[in-house]
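Trainee: Next comes input.pdb, PDB, C-alpha atoms:
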ATOM      1  CA  MET B   1      53.641 -26.566   0.585
ATOM      2  CA  GLN B   2      54.991 -28.158   3.760
ATOM      3  CA  ARG B   3      52.658 -30.502   5.692
ATOM      4  CA  ARG B   4      52.451 -28.149   8.729
ATOM      5  CA  GLU B   5      51.692 -25.133   6.517
ATOM      6  CA  PHE B   6      48.995 -27.116   4.673
ATOM      7  CA  ILE B   7      47.234 -28.084   7.926
ATOM      8  CA  THR B   8      47.381 -24.470   9.124
ATOM      9  CA  PHE B   9      45.851 -23.332   5.801
ATOM     10  CA  LEU B  10      42.978 -25.822   6.111
ATOM     11  CA  SER B  11      42.280 -24.792   9.708
ATOM     12  CA  GLY B  12      42.146 -21.109   8.748
ATOM     13  CA  ALA B  13      39.831 -21.870   5.831
ATOM     14  CA  ALA B  14      37.509 -23.900   8.086
ATOM     15  CA  VAL B  15      37.150 -20.927  10.417
ATOM     16  CA  ALA B  16      36.886 -18.284   7.724
ATOM     17  CA  TRP B  17      34.344 -20.084   5.507
ATOM     18  CA  PRO B  18      31.414 -20.203   7.991
ATOM     19  CA  LEU B  19      32.014 -16.573   8.951
ATOM     20  CA  GLY B  20      32.021 -15.569   5.300
ATOM     21  CA  ALA B  21      28.922 -17.647   4.601
ATOM     22  CA  ARG B  22      27.080 -16.068   7.525
ATOM     23  CA  ALA B  23      28.010 -12.611   6.319
ATOM     24  CA  GLN B  24      26.542 -13.381   2.901
ATOM     25  CA  GLN B  25      23.215 -14.691   4.205
ATOM     26  CA  PRO B  26      20.358 -12.365   3.222
ATOM     27  CA  LYS B  27      18.829 -10.246   5.955
ATOM     28  CA  MET B  28      15.331 -11.353   7.037
ATOM     29  CA  PRO B  29      12.525  -9.052   5.842
ATOM     30  CA  VAL B  30      10.700  -7.142   8.591
ATOM     31  CA  VAL B  31       6.909  -6.890   8.628
ATOM     32  CA  GLY B  32       5.526  -4.000  10.670
ATOM     33  CA  PHE B  33       2.359  -5.216  12.435
ATOM     34  CA  LEU B  34       0.527  -1.972  13.275
ATOM     35  CA  ASN B  35      -2.556  -2.483  15.434
ATOM     36  CA  GLY B  36      -4.886  -0.332  17.523
ATOM     37  CA  GLY B  37      -5.563  -3.114  20.042
ATOM     38  CA  SER B  38      -3.390  -4.868  22.627
ATOM     39  CA  PRO B  39      -1.353  -8.107  22.445
ATOM     40  CA  GLU B  40      -3.387  -9.704  25.261
ATOM     41  CA  GLY B  41      -6.668  -9.333  23.394
ATOM     42  CA  TYR B  42      -5.293 -10.131  19.961
ATOM     43  CA  ALA B  43      -3.366 -13.376  20.522
ATOM     44  CA  VAL B  44      -5.934 -15.422  18.567
ATOM     45  CA  TYR B  45      -5.800 -12.991  15.625
ATOM     46  CA  VAL B  46      -1.992 -12.886  15.601
ATOM     47  CA  ALA B  47      -2.065 -16.689  15.430
ATOM     48  CA  GLY B  48      -4.334 -16.424  12.369
ATOM     49  CA  PHE B  49      -1.962 -13.897  10.773
ATOM     50  CA  LEU B  50       1.089 -16.105  11.355
ATOM     51  CA  HIS B  51      -0.818 -19.091   9.961
ATOM     52  CA  GLY B  52      -1.452 -17.123   6.757
ATOM     53  CA  LEU B  53       2.217 -16.173   6.512
ATOM     54  CA  GLY B  54       3.068 -19.832   6.943
ATOM     55  CA  GLU B  55       0.839 -20.765   4.010
ATOM     56  CA  THR B  56       3.155 -18.723   1.793
ATOM     57  CA  GLY B  57       6.314 -20.213   3.287
ATOM     58  CA  TYR B  58       7.199 -17.541   5.839
ATOM     59  CA  VAL B  59       7.833 -18.496   9.463
ATOM     60  CA  GLU B  60       8.391 -15.844  12.124
ATOM     61  CA  GLY B  61      11.953 -15.930  13.413
ATOM     62  CA  LYS B  62      13.097 -18.285  10.631
ATOM     63  CA  ASN B  63      12.813 -16.268   7.439
ATOM     64  CA  VAL B  64      10.754 -13.218   8.468
ATOM     65  CA  THR B  65      10.690 -10.864  11.442
ATOM     66  CA  VAL B  66       7.413  -9.362  12.696
ATOM     67  CA  ASP B  67       7.710  -6.034  14.526
ATOM     68  CA  TYR B  68       4.528  -5.702  16.621
ATOM     69  CA  GLN B  69       3.369  -2.150  17.273
ATOM     70  CA  TRP B  70       0.370  -2.007  19.651
ATOM     71  CA  ALA B  71      -1.523   1.246  20.315
ATOM     72  CA  ARG B  72      -3.523  -0.402  23.156
ATOM     73  CA  GLY B  73      -6.523   1.772  22.349
ATOM     74  CA  HIS B  74      -4.501   5.020  22.254
ATOM     75  CA  TYR B  75      -5.204   5.780  18.617
ATOM     76  CA  ASP B  76      -3.495   9.168  18.943
ATOM     77  CA  ARG B  77      -0.161   7.300  19.073
ATOM     78  CA  LEU B  78      -0.630   5.610  15.729
ATOM     79  CA  GLN B  79       0.837   8.365  13.566
ATOM     80  CA  LEU B  80       4.139   8.279  15.467
ATOM     81  CA  MET B  81       4.208   4.472  15.340
ATOM     82  CA  ALA B  82       3.540   4.419  11.589
ATOM     83  CA  SER B  83       6.222   7.049  10.980
ATOM     84  CA  ASP B  84       8.719   4.942  12.922
ATOM     85  CA  LEU B  85       8.008   1.885  10.757
ATOM     86  CA  VAL B  86       8.451   4.000   7.616
ATOM     87  CA  ARG B  87      11.710   5.480   8.934
ATOM     88  CA  ARG B  88      13.049   1.963   9.471
ATOM     89  CA  ASN B  89      11.936   0.998   5.968
ATOM     90  CA  VAL B  90      10.133  -2.238   6.853
ATOM     91  CA  ALA B  91       9.298  -4.557   3.960
ATOM     92  CA  VAL B  92       5.490  -4.495   4.480
ATOM     93  CA  ILE B  93       3.071  -2.874   6.936
ATOM     94  CA  ALA B  94       0.144  -5.019   8.131
ATOM     95  CA  ALA B  95      -2.535  -2.667   9.474
ATOM     96  CA  ASN B  96      -6.027  -2.955  10.960
ATOM     97  CA  THR B  97      -9.056  -0.611  10.746
ATOM     98  CA  PRO B  98      -7.893   2.510  12.603
ATOM     99  CA  THR B  99      -4.264   2.152  11.536
ATOM    100  CA  ALA B 100      -4.601   1.584   7.779
ATOM    101  CA  PRO B 101      -5.437   5.216   6.783
ATOM    102  CA  ILE B 102      -2.590   6.478   8.982
ATOM    103  CA  ALA B 103      -0.132   4.011   7.446
ATOM    104  CA  LYS B 104      -1.236   5.026   3.953
ATOM    105  CA  ALA B 105      -0.731   8.717   4.779
ATOM    106  CA  ALA B 106       2.770   7.903   6.068
ATOM    107  CA  THR B 107       4.121   6.187   2.921
ATOM    108  CA  LYS B 108       3.473   5.752  -0.775
ATOM    109  CA  GLU B 109       6.381   3.331  -1.255
ATOM    110  CA  ILE B 110       6.133   0.635   1.430
ATOM    111  CA  PRO B 111       3.415  -1.945   0.637
ATOM    112  CA  ILE B 112       0.475  -1.930   3.072
ATOM    113  CA  VAL B 113      -1.877  -4.864   3.645
ATOM    114  CA  PHE B 114      -4.943  -4.101   5.778
ATOM    115  CA  VAL B 115      -7.743  -5.949   7.495
ATOM    116  CA  SER B 116     -10.519  -3.386   7.740
ATOM    117  CA  THR B 117     -14.119  -3.386   8.946
ATOM    118  CA  GLY B 118     -14.883  -0.185   7.068
ATOM    119  CA  ASP B 119     -15.439   0.299   3.346
ATOM    120  CA  PRO B 120     -11.866   0.558   1.958
ATOM    121  CA  VAL B 121     -13.061   2.531  -1.075
ATOM    122  CA  ILE B 122     -15.024   5.093   0.971
ATOM    123  CA  ALA B 123     -12.102   5.275   3.419
ATOM    124  CA  GLY B 124      -9.812   6.171   0.500
ATOM    125  CA  LEU B 125      -7.544   3.163   1.026
ATOM    126  CA  VAL B 126      -8.012   1.767  -2.481
ATOM    127  CA  ALA B 127      -9.327   3.023  -5.809
ATOM    128  CA  SER B 128     -11.602  -0.018  -6.209
ATOM    129  CA  LEU B 129     -11.954  -3.498  -4.746
ATOM    130  CA  ASN B 130     -10.834  -5.304  -7.917
ATOM    131  CA  ARG B 131      -8.069  -2.866  -8.828
ATOM    132  CA  PRO B 132      -6.734  -1.325  -5.616
ATOM    133  CA  GLY B 133      -3.989   0.726  -7.287
ATOM    134  CA  GLY B 134      -1.121   2.295  -5.363
ATOM    135  CA  ASN B 135       0.666   0.522  -2.521
ATOM    136  CA  VAL B 136      -2.367  -0.690  -0.516
ATOM    137  CA  THR B 137      -4.599  -3.781  -0.563
ATOM    138  CA  GLY B 138      -6.020  -6.176   1.990
ATOM    139  CA  VAL B 139      -9.131  -7.733   3.488
ATOM    140  CA  GLY B 140     -12.401  -5.752   3.635
ATOM    141  CA  LEU B 141     -14.792  -7.080   6.282
ATOM    142  CA  LEU B 142     -18.061  -5.134   5.800
ATOM    143  CA  GLY B 143     -18.247  -3.658   9.291
ATOM    144  CA  PRO B 144     -20.902  -0.898   9.156
ATOM    145  CA  GLU B 145     -23.313  -3.030   7.124
ATOM    146  CA  LEU B 146     -23.273  -5.697   9.840
ATOM    147  CA  GLU B 147     -24.104  -3.202  12.602
ATOM    148  CA  THR B 148     -27.629  -2.898  11.210
ATOM    149  CA  LYS B 149     -28.080  -6.680  11.297
ATOM    150  CA  ARG B 150     -26.922  -6.789  14.924
ATOM    151  CA  LEU B 151     -29.411  -4.054  15.783
ATOM    152  CA  GLU B 152     -32.206  -6.155  14.246
ATOM    153  CA  PHE B 153     -31.113  -9.122  16.372
ATOM    154  CA  LEU B 154     -31.161  -7.022  19.539
ATOM    155  CA  ASN B 155     -34.594  -5.681  18.633
ATOM    156  CA  GLN B 156     -35.844  -9.289  18.438
ATOM    157  CA  LEU B 157     -34.239 -10.172  21.764
ATOM    158  CA  VAL B 158     -35.747  -7.190  23.595
ATOM    159  CA  PRO B 159     -38.841  -6.090  21.663
ATOM    160  CA  GLY B 160     -40.538  -2.918  22.843
ATOM    161  CA  THR B 161     -40.199   0.832  22.703
ATOM    162  CA  THR B 162     -37.424   1.474  25.225
ATOM    163  CA  ALA B 163     -34.210   2.905  23.787
ATOM    164  CA  ILE B 164     -31.343   0.593  22.904
ATOM    165  CA  ALA B 165     -27.872   1.634  24.038
ATOM    166  CA  VAL B 166     -25.015   1.627  21.517
ATOM    167  CA  LEU B 167     -21.345   1.621  22.537
ATOM    168  CA  VAL B 168     -19.017   3.195  19.953
ATOM    169  CA  ASN B 169     -15.373   4.294  19.990
ATOM    170  CA  PRO B 170     -15.213   7.922  18.733
ATOM    171  CA  MET B 171     -11.483   7.529  18.029
ATOM    172  CA  ASN B 172     -12.171   4.922  15.343
ATOM    173  CA  PRO B 173     -12.120   6.472  11.840
ATOM    174  CA  ALA B 174     -15.079   4.253  10.897
ATOM    175  CA  ALA B 175     -17.231   5.501  13.815
ATOM    176  CA  ASP B 176     -19.202   8.111  11.844
ATOM    177  CA  LEU B 177     -20.161   5.619   9.148
ATOM    178  CA  GLN B 178     -21.051   2.994  11.769
ATOM    179  CA  LEU B 179     -23.364   5.430  13.560
ATOM    180  CA  ARG B 180     -24.948   6.638  10.335
ATOM    181  CA  LYS B 181     -25.848   3.070   9.370
ATOM    182  CA  LEU B 182     -27.240   2.411  12.845
ATOM    183  CA  GLN B 183     -29.374   5.566  12.835
ATOM    184  CA  GLU B 184     -30.827   4.535   9.472
ATOM    185  CA  ALA B 185     -31.575   1.035  10.761
ATOM    186  CA  ALA B 186     -33.116   2.395  13.962
ATOM    187  CA  GLY B 187     -35.496   4.470  11.836
ATOM    188  CA  VAL B 188     -36.591   1.376   9.900
ATOM    189  CA  ILE B 189     -37.404  -0.657  13.037
ATOM    190  CA  LYS B 190     -38.800   2.472  14.770
ATOM    191  CA  ARG B 191     -36.530   2.108  17.777
ATOM    192  CA  GLN B 192     -34.605   4.892  19.493
ATOM    193  CA  ILE B 193     -30.891   4.367  20.129
ATOM    194  CA  ASP B 194     -28.809   6.115  22.789
ATOM    195  CA  ILE B 195     -25.179   6.574  21.764
ATOM    196  CA  PHE B 196     -22.459   6.082  24.376
ATOM    197  CA  ARG B 197     -18.953   7.038  23.289
ATOM    198  CA  ALA B 198     -16.107   5.229  25.018
ATOM    199  CA  SER B 199     -12.432   5.140  24.099
ATOM    200  CA  THR B 200     -10.898   4.024  27.422
ATOM    201  CA  ALA B 201     -11.559   1.248  29.934
ATOM    202  CA  PRO B 202     -13.069   3.703  32.499
ATOM    203  CA  ASP B 203     -15.289   5.129  29.720
ATOM    204  CA  ILE B 204     -16.656   1.635  29.046
ATOM    205  CA  GLU B 205     -17.415   1.143  32.732
ATOM    206  CA  THR B 206     -19.225   4.494  32.906
ATOM    207  CA  ALA B 207     -21.209   3.783  29.731
ATOM    208  CA  PHE B 208     -22.602   0.545  31.161
ATOM    209  CA  GLU B 209     -23.517   2.245  34.439
ATOM    210  CA  ILE B 210     -25.351   5.125  32.748
ATOM    211  CA  ALA B 211     -27.117   2.807  30.284
ATOM    212  CA  ALA B 212     -28.363   0.714  33.212
ATOM    213  CA  GLN B 213     -29.500   3.831  35.113
ATOM    214  CA  LYS B 214     -31.418   5.042  32.060
ATOM    215  CA  GLY B 215     -33.145   1.666  31.817
ATOM    216  CA  ALA B 216     -31.817   0.637  28.414
ATOM    217  CA  ASP B 217     -33.289  -2.774  27.580
ATOM    218  CA  GLY B 218     -30.219  -3.922  25.678
ATOM    219  CA  LEU B 219     -26.817  -2.855  24.447
ATOM    220  CA  LEU B 220     -25.075  -3.130  21.081
ATOM    221  CA  ILE B 221     -21.266  -3.185  20.925
ATOM    222  CA  VAL B 222     -19.981  -1.608  17.718
ATOM    223  CA  GLN B 223     -16.962  -3.341  16.235
ATOM    224  CA  ASP B 224     -13.659  -1.756  17.230
ATOM    225  CA  PRO B 225     -10.112  -3.101  17.836
ATOM    226  CA  PHE B 226      -9.938  -1.600  21.333
ATOM    227  CA  TYR B 227     -13.260  -3.190  22.274
ATOM    228  CA  ASN B 228     -11.990  -6.519  20.917
ATOM    229  CA  SER B 229      -9.053  -6.176  23.321
ATOM    230  CA  ARG B 230     -11.439  -5.436  26.214
ATOM    231  CA  ARG B 231     -13.668  -8.490  25.692
ATOM    232  CA  ASP B 232     -13.345  -9.729  29.272
ATOM    233  CA  GLN B 233     -14.246  -6.337  30.719
ATOM    234  CA  ILE B 234     -17.240  -5.800  28.414
ATOM    235  CA  VAL B 235     -18.737  -9.277  28.892
ATOM    236  CA  GLY B 236     -18.160  -8.978  32.649
ATOM    237  CA  LEU B 237     -19.999  -5.636  32.776
ATOM    238  CA  ALA B 238     -22.921  -7.086  30.812
ATOM    239  CA  ALA B 239     -23.196  -9.872  33.407
ATOM    240  CA  ARG B 240     -22.915  -7.483  36.341
ATOM    241  CA  HIS B 241     -25.616  -5.152  35.034
ATOM    242  CA  LYS B 242     -27.747  -8.074  33.795
ATOM    243  CA  ARG B 243     -28.185  -6.589  30.335
ATOM    244  CA  PRO B 244     -28.646  -8.472  27.042
ATOM    245  CA  VAL B 245     -25.842  -7.450  24.719
ATOM    246  CA  VAL B 246     -25.178  -8.218  21.048
ATOM    247  CA  TYR B 247     -21.511  -8.380  20.078
ATOM    248  CA  PRO B 248     -19.593  -8.134  16.772
ATOM    249  CA  LEU B 249     -17.416 -11.259  17.100
ATOM    250  CA  ARG B 250     -17.799 -14.841  18.275
ATOM    251  CA  GLU B 251     -14.893 -14.415  20.695
ATOM    252  CA  PHE B 252     -17.293 -12.427  22.928
ATOM    253  CA  ALA B 253     -19.909 -15.209  22.940
ATOM    254  CA  ASP B 254     -17.220 -17.813  23.644
ATOM    255  CA  ILE B 255     -16.463 -16.158  27.004
ATOM    256  CA  GLY B 256     -20.080 -15.595  28.046
ATOM    257  CA  GLY B 257     -21.499 -12.957  25.714
ATOM    258  CA  LEU B 258     -25.178 -13.464  24.858
ATOM    259  CA  VAL B 259     -25.235 -13.215  21.044
ATOM    260  CA  SER B 260     -22.591 -12.428  18.445
ATOM    261  CA  TYR B 261     -22.935 -11.904  14.737
ATOM    262  CA  GLY B 262     -20.147 -11.101  12.338
ATOM    263  CA  HIS B 263     -17.361 -12.324  10.142
ATOM    264  CA  ASP B 264     -14.593 -14.703  11.151
ATOM    265  CA  LEU B 265     -11.919 -12.196  12.177
ATOM    266  CA  VAL B 266      -9.342 -14.923  12.807
ATOM    267  CA  ASP B 267      -9.707 -15.967   9.170
ATOM    268  CA  GLY B 268      -9.550 -12.310   8.134
ATOM    269  CA  TYR B 269      -6.139 -12.043   9.769
ATOM    270  CA  ARG B 270      -5.111 -15.323   8.142
ATOM    271  CA  GLN B 271      -5.985 -13.875   4.749
ATOM    272  CA  MET B 272      -4.022 -10.739   5.593
ATOM    273  CA  GLY B 273      -1.026 -12.946   6.416
ATOM    274  CA  VAL B 274      -1.354 -14.701   3.047
ATOM    275  CA  TYR B 275      -1.330 -11.347   1.226
ATOM    276  CA  VAL B 276       1.681 -10.133   3.225
ATOM    277  CA  GLY B 277       3.520 -13.310   2.211
ATOM    278  CA  ARG B 278       2.619 -12.814  -1.433
ATOM    279  CA  VAL B 279       3.873  -9.225  -1.311
ATOM    280  CA  LEU B 280       7.121 -10.394   0.294
ATOM    281  CA  LYS B 281       7.510 -12.781  -2.658
ATOM    282  CA  GLY B 282       7.317  -9.840  -5.065
ATOM    283  CA  GLU B 283       3.626  -9.334  -5.941
ATOM    284  CA  LYS B 284       2.387  -5.742  -5.966
ATOM    285  CA  PRO B 285      -0.579  -4.586  -3.822
ATOM    286  CA  ALA B 286      -2.027  -2.828  -6.870
ATOM    287  CA  ASP B 287      -2.473  -6.234  -8.535
ATOM    288  CA  LEU B 288      -4.071  -7.992  -5.548
ATOM    289  CA  PRO B 289      -7.878  -7.480  -5.341
ATOM    290  CA  VAL B 290      -9.320  -6.697  -1.917
ATOM    291  CA  VAL B 291     -10.496  -9.941  -0.301
ATOM    292  CA  GLN B 292     -14.127  -9.924   0.851
ATOM    293  CA  PRO B 293     -15.641 -12.388   3.324
ATOM    294  CA  SER B 294     -18.107 -14.965   2.138
ATOM    295  CA  LYS B 295     -19.093 -16.332   5.548
ATOM    296  CA  PHE B 296     -20.706 -14.739   8.587
ATOM    297  CA  GLU B 297     -21.458 -16.534  11.816
ATOM    298  CA  CYS B 298     -24.081 -16.155  14.521
ATOM    299  CA  VAL B 299     -23.267 -17.607  17.942
ATOM    300  CA  ILE B 300     -25.829 -17.769  20.757
ATOM    301  CA  ASN B 301     -24.887 -18.499  24.357
ATOM    302  CA  LEU B 302     -27.908 -20.212  25.954
ATOM    303  CA  LYS B 303     -26.182 -20.385  29.346
ATOM    304  CA  THR B 304     -26.073 -16.593  29.433
ATOM    305  CA  ALA B 305     -29.672 -16.343  28.206
ATOM    306  CA  LYS B 306     -30.768 -18.582  31.087
ATOM    307  CA  THR B 307     -28.872 -16.428  33.581
ATOM    308  CA  LEU B 308     -30.670 -13.354  32.244
ATOM    309  CA  GLY B 309     -34.034 -15.134  32.276
ATOM    310  CA  LEU B 310     -34.281 -14.494  28.550
ATOM    311  CA  THR B 311     -35.938 -16.691  25.937
ATOM    312  CA  ILE B 312     -34.165 -16.640  22.590
ATOM    313  CA  PRO B 313     -36.691 -16.223  19.748
ATOM    314  CA  PRO B 314     -36.935 -19.271  17.430
ATOM    315  CA  SER B 315     -36.171 -16.965  14.486
ATOM    316  CA  LEU B 316     -32.675 -16.405  15.925
ATOM    317  CA  LEU B 317     -32.087 -19.997  16.973
ATOM    318  CA  THR B 318     -32.803 -21.198  13.442
ATOM    319  CA  ILE B 319     -30.096 -19.031  11.884
ATOM    320  CA  ALA B 320     -27.487 -19.680  14.602
ATOM    321  CA  ASP B 321     -24.288 -21.312  13.387
ATOM    322  CA  GLU B 322     -23.486 -22.395  16.917
ATOM    323  CA  VAL B 323     -25.429 -22.594  20.158
ATOM    324  CA  ILE B 324     -23.459 -22.747  23.427
ATOM    325  CA  GLU B 325     -25.465 -24.728  26.000
TER
END
Here is the file; what I need is its structure written in the form of structure tokens.
Mentor:
Amino acid sequence: MQRREFITFLSGAAVAWPLGARAQQPKMPVVGFLNGGSPEGYAVYVAGFLHGLGETGYVEGKNVTVDYQWARGHYDRLQLMASDLVRRNVAVIAANTPTAPIAKAATKEIPIVFVSTGDPVIAGLVASLNRPGGNVTGVGLLGPELETKRLEFLNQLVPGTTAIAVLVNPMNPAADLQLRKLQEAAGVIKRQIDIFRASTAPDIETAFEIAAQKGADGLLIVQDPFYNSRRDQIVGLAARHKRPVVYPLREFADIGGLVSYGHDLVDGYRQMGVYVGRVLKGEKPADLPVVQPSKFECVINLKTAKTLGLTIPPSLLTIADEVIE
């Protein structure tokens, strides 16, 4: 080979090799993140999810793509969103409480990892907690059971006979079970509860106004992804109407909510991210037991209590994991 031809050959090879190498690089897996809330209200939970993915070696944009699908409280859109993820054949679907049953109905092939505040067995998501079976597993967060505990807390904060208002999202598949547990608990403490159903921001505003007009001593916020997204609005309304409110997550108390009691949802999303990573590495959902929380936290905001002219009972202060002063 002549010297000029040899140099030309090397130059062509130098150009062709990177192009060929790029063409052979494996395509990044896509995780469909299907959620009933909104990105603004869920930034802290997304961070937990990505942290969990990172624990298994997956970094968004580097070796995995996350396709975020937000219903923004419009749960009627979820079926179309789930169908779209199935049509595009994503590698895994990560779903929260209202979206998990819809995702399961949409596919029996694509793995689904949920974080759910309902009972996943009663909801039909898994056959059992230890042996989920099928294509679904995840993190079960004992939602309805905690509603009764929150009602007891509110009863201690505002003892008496006046009805307690309860805010629930009727669009949430877990709503019926949540209300059933609350009605049972209300019977035990001999306290009437008034149910206010709200699935939009204007509904929430109206519910607070009517509860205040009816003279409800306190309000209980039932856990729901849309309500989590509307934390600022809900805590602001509680302050405006000067009502003691018990919330499901510490994120409410952090921004001025009176009392919160519940699981660590950020860690729940982290655990969901870990399971998604394990599924991406080849493990099957059927072999991954449903994760259950071992820690619950009570946060009390004394600044808000002072504003309301409310004295927190010593029985609550003693069990508080954190007191904001």
Trainee: Which of these, B:Gln178, B:Ala185, B:Phe252, B:Gly257, has the shortest distance to Ala305 (chain B) once you count only C-alpha atoms?
Mentor: B:Gly257
Trainee: In file coordinates, which residues lie within 8 Å of (-9.3, -14.9, 3.6) using all atoms listed in the file, given as a PDB file with C-alpha atoms, in the coordinates of the input?
Mentor:
ATOM      1  CA  VAL B 139      -9.131  -7.733   3.488  1.00  0.00           C
ATOM      2  CA  ASP B 267      -9.707 -15.967   9.170  1.00  0.00           C
ATOM      3  CA  GLY B 268      -9.550 -12.310   8.134  1.00  0.00           C
ATOM      4  CA  TYR B 269      -6.139 -12.043   9.769  1.00  0.00           C
ATOM      5  CA  ARG B 270      -5.111 -15.323   8.142  1.00  0.00           C
ATOM      6  CA  GLN B 271      -5.985 -13.875   4.749  1.00  0.00           C
ATOM      7  CA  MET B 272      -4.022 -10.739   5.593  1.00  0.00           C
ATOM      8  CA  VAL B 274      -1.354 -14.701   3.047  1.00  0.00           C
ATOM      9  CA  VAL B 291     -10.496  -9.941  -0.301  1.00  0.00           C
ATOM     10  CA  GLN B 292     -14.127  -9.924   0.851  1.00  0.00           C
ATOM     11  CA  PRO B 293     -15.641 -12.388   3.324  1.00  0.00           C
TER      12      PRO B 293
END
Trainee: Using the chain letters and numbers from the file, which residues does the PyMOL selection byres ((chain B and resi 156-170) around 6) grab, as an MDAnalysis selection string?
Mentor: chainID B and resid 153:155 171:172 175 192:199 216 218:222
Trainee: Applied to the shown file, which residues does the PyMOL selection byres ((chain B and resi 81) around 12) return, written as a PDB file with C-alpha atoms, in the frame of the given file?
Mentor:
ATOM      1  CA  GLY B  32       5.526  -4.000  10.670  1.00  0.00           C
ATOM      2  CA  PHE B  33       2.359  -5.216  12.435  1.00  0.00           C
ATOM      3  CA  LEU B  34       0.527  -1.972  13.275  1.00  0.00           C
ATOM      4  CA  ASN B  35      -2.556  -2.483  15.434  1.00  0.00           C
ATOM      5  CA  GLY B  36      -4.886  -0.332  17.523  1.00  0.00           C
ATOM      6  CA  ASP B  67       7.710  -6.034  14.526  1.00  0.00           C
ATOM      7  CA  TYR B  68       4.528  -5.702  16.621  1.00  0.00           C
ATOM      8  CA  GLN B  69       3.369  -2.150  17.273  1.00  0.00           C
ATOM      9  CA  TRP B  70       0.370  -2.007  19.651  1.00  0.00           C
ATOM     10  CA  ALA B  71      -1.523   1.246  20.315  1.00  0.00           C
ATOM     11  CA  HIS B  74      -4.501   5.020  22.254  1.00  0.00           C
ATOM     12  CA  TYR B  75      -5.204   5.780  18.617  1.00  0.00           C
ATOM     13  CA  ASP B  76      -3.495   9.168  18.943  1.00  0.00           C
ATOM     14  CA  ARG B  77      -0.161   7.300  19.073  1.00  0.00           C
ATOM     15  CA  LEU B  78      -0.630   5.610  15.729  1.00  0.00           C
ATOM     16  CA  GLN B  79       0.837   8.365  13.566  1.00  0.00           C
ATOM     17  CA  LEU B  80       4.139   8.279  15.467  1.00  0.00           C
ATOM     18  CA  ALA B  82       3.540   4.419  11.589  1.00  0.00           C
ATOM     19  CA  SER B  83       6.222   7.049  10.980  1.00  0.00           C
ATOM     20  CA  ASP B  84       8.719   4.942  12.922  1.00  0.00           C
ATOM     21  CA  LEU B  85       8.008   1.885  10.757  1.00  0.00           C
ATOM     22  CA  VAL B  86       8.451   4.000   7.616  1.00  0.00           C
ATOM     23  CA  ARG B  87      11.710   5.480   8.934  1.00  0.00           C
ATOM     24  CA  ARG B  88      13.049   1.963   9.471  1.00  0.00           C
ATOM     25  CA  ILE B  93       3.071  -2.874   6.936  1.00  0.00           C
ATOM     26  CA  ALA B  95      -2.535  -2.667   9.474  1.00  0.00           C
ATOM     27  CA  THR B  99      -4.264   2.152  11.536  1.00  0.00           C
ATOM     28  CA  ALA B 100      -4.601   1.584   7.779  1.00  0.00           C
ATOM     29  CA  ILE B 102      -2.590   6.478   8.982  1.00  0.00           C
ATOM     30  CA  ALA B 103      -0.132   4.011   7.446  1.00  0.00           C
ATOM     31  CA  ALA B 106       2.770   7.903   6.068  1.00  0.00           C
TER      32      ALA B 106
END
Trainee: Residues within 9 Å of Ile234 (chain B), please, as a PyMOL selection string. Count only C-alpha atoms; anything in the same chain fewer than 4 positions from it doesn't count.
Mentor: chain B and resi 204-205+208+221+227+230+238-239+252+257
Trainee: What's the separation between CA of Ile122 (chain B) and CA of Gln183 (chain B), in Å to one decimal place?
Mentor: 18.6 Å
Trainee: Run the PyMOL selection byres ((chain B and resi 123) around 10) against the file shown and list the residues it catches, as a ChimeraX atom specification.
Mentor: /B:97,100-101,116,118-122,124-127,173-174,177
Trainee: Write to file, as a compact mmCIF listing (two decimals), in the frame of the given file, the residues of the selection just made, with C-alpha atoms.
Mentor:
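Generated output (selection02.txt):
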# COMPACT_ATOMS: atom_id res chain seq x y z
CA THR B 97 -9.06 -0.61 10.75
CA ALA B 100 -4.60 1.58 7.78
CA PRO B 101 -5.44 5.22 6.78
CA SER B 116 -10.52 -3.39 7.74
CA GLY B 118 -14.88 -0.18 7.07
CA ASP B 119 -15.44 0.30 3.35
CA PRO B 120 -11.87 0.56 1.96
CA VAL B 121 -13.06 2.53 -1.08
CA ILE B 122 -15.02 5.09 0.97
CA GLY B 124 -9.81 6.17 0.50
CA LEU B 125 -7.54 3.16 1.03
CA VAL B 126 -8.01 1.77 -2.48
CA ALA B 127 -9.33 3.02 -5.81
CA PRO B 173 -12.12 6.47 11.84
CA ALA B 174 -15.08 4.25 10.90
CA LEU B 177 -20.16 5.62 9.15
Trainee: So which residues touch region 275-290 of chain B within 8 Å, counting all atoms listed in the file, skipping near sequence neighbours fewer than 2 positions away, as a list in words?
Mentor: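 Everything that qualifies: Pro29, Gly52, Leu53, Thr56, Gly57, Tyr58, Ala91, Val92, Ala94, Pro111, Ile112, Val113, Leu129, Asn130, Arg131, Pro132, Gly133, Gly134, Asn135, Val136, Thr137, Gly138, Val139, Gly140, Gln271, Met272, Gly273 and Gln292 of chain B.
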Trainee: Using Å and a single decimal, report how far CA of Tyr247 (chain B) sits from CA of Gly41 (chain B).
Mentor: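 So the answer is 15.2 Å.
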Trainee: Between CA of Ala43 (chain B) and CA of Glu55 (chain B), what is the spacing in Å?
Mentor: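 Atom-to-atom, CA of Glu55 (chain B) and CA of Ala43 (chain B) are spaced 18.6 Å apart.
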Trainee: Given all atoms listed in the file as the basis, pick out the residue of B:Gln223, B:Arg150, B:Gln233, B:Met28 nearest to Asp203 (chain B).
Mentor: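 Smallest separation from Asp203 (chain B) among the options: B:Gln233.
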Trainee: So which one's closest to Ile300 (chain B), B:Ala211, B:Ala320, B:Val44, B:Leu142? Using all atoms listed in the file, please.
Mentor: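 Answer, going by the shortest atom-to-atom distance: B:Ala320.
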Trainee: Between B:Ser315, B:Asn96, B:Thr117, B:Ser260, which is the closest to Leu151 (chain B) once you count all atoms listed in the file?
Mentor: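 Answer, going by the shortest atom-to-atom distance: B:Ser260.
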